[in-house]
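Please read the structure below before turning to the comments.
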Amino acid sequence: MKIGVTIFLVLLAIVAILAGSAYLARGKILAEIIEDQMADVGVDTPQVDVGRLGPRGLTLKLTGGTGPEAFTADIIVSYDIEEAVKERRVDDIVISRAQMTARLSPEGRLTIGGFTWSGGDGEDTLPPTSLPLDALRIERVDVRLLTPEGEAEMIAKGELLQDITGTFEVSGKTARAGLERLQLVDTALKGSADLRPDGSVAFLLDGETGLRRTDLAIDDIALDGELVLNNVLRSDADVTAAARLELQSADVSLSASPLLAPLTSSLAAVGATPSVLNFSGSVSADAADGRLSVTLGNTGLVVTDGAELALRLLPASAGPFLTSDGDNTAIAGAVTFTTPPASGHLSGEVAMGPGQPITFTAEGRLDRLTVGPGQTGAVSVSASGNLLGDTLALNADLGMEGLDARAGTYRFRAARLDAPLLISGDLAAGTYTVGTLPGRCLTVPRLLADGAEGRVATIQTIRLCPAGEAPIFTYSVNDAPVYRTSSSLSMGTVSLAGGTEAIARNISLGTQLTGPVGEQPARVTATLRGGVARYGDIVEISAVRGDAALDLQTEGVVGQINLRQVDIADAQETPRFNPISVTGPVRLKSDLIDVALDVKTASAMPLGRITGQHDLSTGGGQGAFATGALTFAPGGLQPAGIVPALRGIVSGATGGVDARVELDWTGDELKSGANIVLNGVSFRGPGVVVKETRGLTGTLNLSSLAPITSDGEQRLTLDRIDLGAVKFDGGRIRLTVPGDDTVTVHEAVFPWLGGEISASDTHIAFDGTTDALLTAKDVSIAEALALLNVPGLSGEGAVAGQLPLRIDDFEIRLVNGRLASTGPGVIRYKGQAAAAGQANDSAKLAFDVLEELHFKTFAADINGRLDGDLDFAFEFEGSSEVTPSDRRVKQAVTAPVILRARIEVPLLTLIDQARLSTDYRLQLERAREQAKASATTE
């Protein structure tokens, strides 16, 4: 208040001088008196030049100070000499023209050239409540303001009335002026000051200016404002203030404003890179009793870059936008915004105080959200948190609708994504972690995946959960920003194209992304652990262990995934193959995926290698599985160790196999083929009927695996099929696989008992069921009876016929088989049973017939299980010498014979036992086989 009080003291001094001028009419004396009075009130070396002096007024020129910064004022005083003397008052004072220079020091102290403020350091003196004049009028005052950063020019005019009311107008301009820490630039302002009867002063200001700080640059500020200071002129109460600012426009240069560097980084993180931000809006403020209250206008405060970025701060539904008592500050409001990745509306509250964290809450909804290659529809937001120094803690429960993302040629869509996030960060270090609220996971109830050719998969209930105490995601900002994830991934039913379904549970993921945000290249490193995945009823994947290093380049992803272990098992209730393990690299280059995986059994026995390539852009690719030379050996690799269905069917395998499977796919079309080379494969079985299959050799060429189809006719050889009692040696087989889940045996020929036995045009189903027709040709009766190894039984001749077989799950049954002689022959039996049968006439006659039975025809009908009881119905027609039981007949006679017999016996078992009872070498061989079987690992 010192400036105002001093001005009034000067006015009173002038009035006192005028009162005395009635007696001191000489102008020179009057000038000296005025100069003395002016010096007393702070004018430096005052000089007064009295122009006109009379009973109704005077004119004078006042100069203060010396040099270029001295001030001058042309003053006209109007008065009635009698009133001036008696009442010490004048009519009015007019400052018709004044010039002064003001200087602002680097510390911010203001001085006026030619004037030194009077008064001490104590309390300000209140101005008088009235003036000893009718009015003080200022027609023009030119002020030259010198600052450390440049000059400004101001012009003032106005009127002050007797009751200390009035109005003053001020205008000013500068190219640049101010202090080092704050300057005005390109400024043209005009305003007014209204001194009101209640002692308040109202300031109005409008125009254009710019603002500069060492860390902030604001250009083209167009404003219209009002400031009201209460208790300035009428009371010794504390001054209160109310302000209103209409900001038509203000441009903030981000590149020239280091203060806004965090804002620049935040905007870059959301995809906005403006060089200039424009501010506009309406703000009102009240200050009283040490409290500040700020209210936004109905239109709020708008921030925009003129393109993709727009923010609007809005007042709360009721109450001020900001309140502060000097220590504690509270903000309650809302914001609507549009940015490249998101737009929406949020409302919330912020509270801060000395030594306390800044706390905040927010509720609202985003209309859209874009993150990388993905975007969402509406997003509900419920958030709360605090900021203490540089440490941020934030809880954000997000519900995202209409998720839509692309990766290569694939598109992923979800109706909803629930993201209950727990975020913490160190703003100074630029490190952030993202977890989930306790007991919650990132959840997608349903995800649709489409490729170039249509729907690829529908995934139900995807859950991404924290892995133990670790956060799901960490982010570090430095010269090379680093993102890390650690989580557990689970998926419900995955419905794939073609109807196949899959699931995945508890797969542990750990990834790290290194590289500048939004720039290329960046590197992703990842680890995979555990979990279970199921692919329909085909395979189940578990015990995953691997790591990846991928470079995100402009042309795509380049890098490698190393699978150290992936266990694969058949997902069907009855497994079709035993568990296997694959290891090796998966290489990525843009849209191409190359694999080279080694395959082993669960007991680490090598099975072969998978190689291939897939093109994500076209959906096509090629792959191959090559076993190399596999060798079967007792105690080592066995067929039943690969295919569990062979357990109990085949065992003790030896020999080798070399197979190669090839796949070629484009879109929905799959082509496949295989080449399987069998090198002397031998084994016990199949089943219990076949004791041994030996020396299976040949090549199978398959033109398709779905369905399995051979490439024309295939040829195999077989050294032996051993049924124990019966052996078939040196077989030749010609077959095709037509692609209808059957095998067509065109011909299978085995030499047998001096003749041969064969099958032709037989269709064998993959499920082990078939009807086959065996044809016997030129089978020697002598060799067949020798095979029976019955003492005293022999014969001559040959038989032929057909033996229909029905095979069901490797059980072989003869159905209406018939063998018949191809010509006459002989059956002879002279064994112990014939001697035992002499006591009975009927038996004696039968054995007499069999002692030398010459038959013209012989036929046998056979039915039953080959490994069980067989029903034989025999019929012989011929002749034999018999000795009649009638004593009157003294010699043997040749009699015609028709002999019919029917027996049911386990033929193969009897034959086998008969051979064992007389063949000690066979007994030893069987004992060795049994010992070997017990030691064989299948």
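In the structure tokens, each chain is lettered A, B, ... as it comes, each chain's residues begin at 1, and ligands are numbered from 1 in order of appearance.
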Check your understanding: Using only C-alpha atoms, which residues sit within 6 Å of Ala549 in chain A once same-chain residues fewer than 3 positions away are excluded, as a list in words?
Key ->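 Here the answer would be Val524, Thr525, Gly559 and Gln560 of chain A.
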Hey, what's within 8 Å of Val239 in chain A if we count only C-alpha atoms and toss same-chain stuff fewer than 3 positions away? As a PDB file with N, CA and C atoms, in the first residue's frame, please?
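Printed below is out24.pdb as written:
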```
ATOM      1  N   LEU A 229      -9.961  -7.139  -6.121  1.00  0.00           N
ATOM      2  CA  LEU A 229      -9.303  -7.180  -4.820  1.00  0.00           C
ATOM      3  C   LEU A 229     -10.183  -6.440  -3.830  1.00  0.00           C
ATOM      4  N   ASN A 230     -10.620  -7.134  -2.818  1.00  0.00           N
ATOM      5  CA  ASN A 230     -11.484  -6.552  -1.806  1.00  0.00           C
ATOM      6  C   ASN A 230     -10.647  -6.049  -0.618  1.00  0.00           C
ATOM      7  N   ASN A 231     -11.223  -5.057   0.123  1.00  0.00           N
ATOM      8  CA  ASN A 231     -10.603  -4.522   1.329  1.00  0.00           C
ATOM      9  C   ASN A 231      -9.274  -3.822   1.037  1.00  0.00           C
ATOM     10  N   VAL A 232      -9.205  -3.200  -0.116  1.00  0.00           N
ATOM     11  CA  VAL A 232      -7.957  -2.532  -0.487  1.00  0.00           C
ATOM     12  C   VAL A 232      -7.949  -1.078   0.001  1.00  0.00           C
ATOM     13  N   ALA A 288      -9.852 -16.041  -0.147  1.00  0.00           N
ATOM     14  CA  ALA A 288     -10.274 -15.357   1.077  1.00  0.00           C
ATOM     15  C   ALA A 288      -9.896 -16.208   2.268  1.00  0.00           C
TER      16      ALA A 288
END
```
Exercise for review: Identify, on the basis of only C-alpha atoms, every residue whose closest approach to Gly364 in chain A does not exceed 9 Å; exclude the query and any residue fewer than 2 positions from it along the same chain; express the result as an NGL selection string.
Suggested key: :A and (344-348 or 362 or 366 or 379-382)
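The space between CA of Gly374 in chain A and CA of Thr474 in chain A spans 19.8 Å.
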Exercise for review: Using DSSP on the backbone, list every residue of range 591-726 of chain A that comes out as strand (DSSP E), and give them as JSON, numbers by chain.
Suggested key: {"A": [592, 593, 594, 595, 596, 597, 598, 599, 600, 601, 606, 607, 608, 609, 610, 611, 612, 613, 614, 615, 620, 621, 622, 623, 624, 625, 626, 627, 628, 629, 630, 631, 632, 651, 652, 653, 654, 655, 656, 657, 658, 659, 660, 661, 662, 663, 664, 665, 666, 669, 670, 671, 672, 673, 674, 675, 676, 677, 678, 679, 680, 681, 682, 683, 684, 692, 693, 694, 695, 696, 697, 698, 699, 700, 701, 702, 703, 704, 705, 708, 709, 710, 714, 715, 716, 717, 718, 719, 720, 721, 722]}
Exercise for review: Just the residues within 7 Å of Ala419 in chain A, please, counting only C-alpha atoms, with nothing from its chain fewer than 4 positions along; format it as an MDAnalysis selection string.
Suggested key: chainID A and resid 397:399 442:443
Using only C-alpha atoms, which protein or nucleic acid residues come within 9 Å of Leu322 in chain A? Drop anything in the same chain fewer than 4 positions from it, and give the result as a compact mmCIF listing (two decimals) with N, CA and C atoms, in the first residue's frame.
```txt
# COMPACT_ATOMS: atom_id res chain seq x y z
N ALA A 285 -11.75 -17.79 -9.97
CA ALA A 285 -11.06 -18.11 -8.72
C ALA A 285 -11.46 -17.11 -7.64
N LEU A 292 -8.23 -20.78 -1.32
CA LEU A 292 -8.39 -20.54 -2.75
C LEU A 292 -9.40 -21.53 -3.30
N SER A 293 -10.32 -21.00 -4.10
CA SER A 293 -11.32 -21.84 -4.74
C SER A 293 -11.35 -21.51 -6.22
N VAL A 294 -11.20 -22.54 -7.07
CA VAL A 294 -11.17 -22.35 -8.53
C VAL A 294 -12.33 -23.10 -9.14
N THR A 295 -13.07 -22.41 -9.99
CA THR A 295 -14.21 -23.01 -10.67
C THR A 295 -14.04 -22.87 -12.17
N LEU A 296 -14.35 -23.94 -12.88
CA LEU A 296 -14.29 -23.92 -14.35
C LEU A 296 -15.63 -23.48 -14.90
N THR A 329 -4.78 -29.36 -0.87
CA THR A 329 -5.46 -29.04 -2.12
C THR A 329 -6.32 -30.22 -2.54
N ALA A 330 -7.53 -29.92 -3.01
CA ALA A 330 -8.43 -30.96 -3.51
C ALA A 330 -8.96 -30.54 -4.87
N ILE A 331 -9.06 -31.49 -5.78
CA ILE A 331 -9.58 -31.27 -7.14
C ILE A 331 -10.72 -32.25 -7.36
N ALA A 332 -11.83 -31.76 -7.86
CA ALA A 332 -12.96 -32.62 -8.21
C ALA A 332 -13.48 -32.17 -9.55
N GLY A 333 -13.43 -33.06 -10.54
CA GLY A 333 -13.86 -32.66 -11.86
C GLY A 333 -13.95 -33.84 -12.79
```
**Study point:** Selected residue of minimal separation from Cys465 in chain A among A:Gly730, A:Gly439, A:Gly54, A:Pro357, counting only C-alpha atoms
**Key:**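 Using only C-alpha atoms, Cys465 in chain A sits closest to A:Gly439.
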Practice item. Counting only C-alpha atoms, figure out which residue out of A:Asp551, A:Gly623, A:Gln714, A:Gly636 gets nearest to Leu597 in chain A. Key: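 Of A:Asp551, A:Gly623, A:Gln714, A:Gly636, the one nearest Leu597 in chain A is A:Gly623, counting only C-alpha atoms.
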Practice item. Quick one: everything within 7 Å of range 282-284 of chain A, counting only C-alpha atoms, minus sequence neighbours fewer than 2 positions away in the same chain. Send it as a ChimeraX atom specification. Key: /A:243-247,294-297,300-301
Practice item. Determine which residues of range 89-271 of chain A receive a DSSP assignment of alpha helix (DSSP H), computed from the backbone, and state them as a list in words. Key: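 Residues meeting the alpha helix (DSSP H) criterion: Ala261, Pro262, Leu263, Thr264, Ser265, Ser266, Leu267, Ala268 and Ala269 of chain A.
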Review point. Can you list, as a PyMOL selection string, every protein, DNA or RNA residue that comes within 6 Å of Ser880 in chain A when you count only C-alpha atoms, leaving out same-chain residues fewer than 6 positions away?
Key: chain A and resi 849+852-853+894-895
Point to revise | Interatomic distance (Å, one decimal) between CA of Val303 in chain A and CA of Phe360 in chain A | key: 21.3 Å
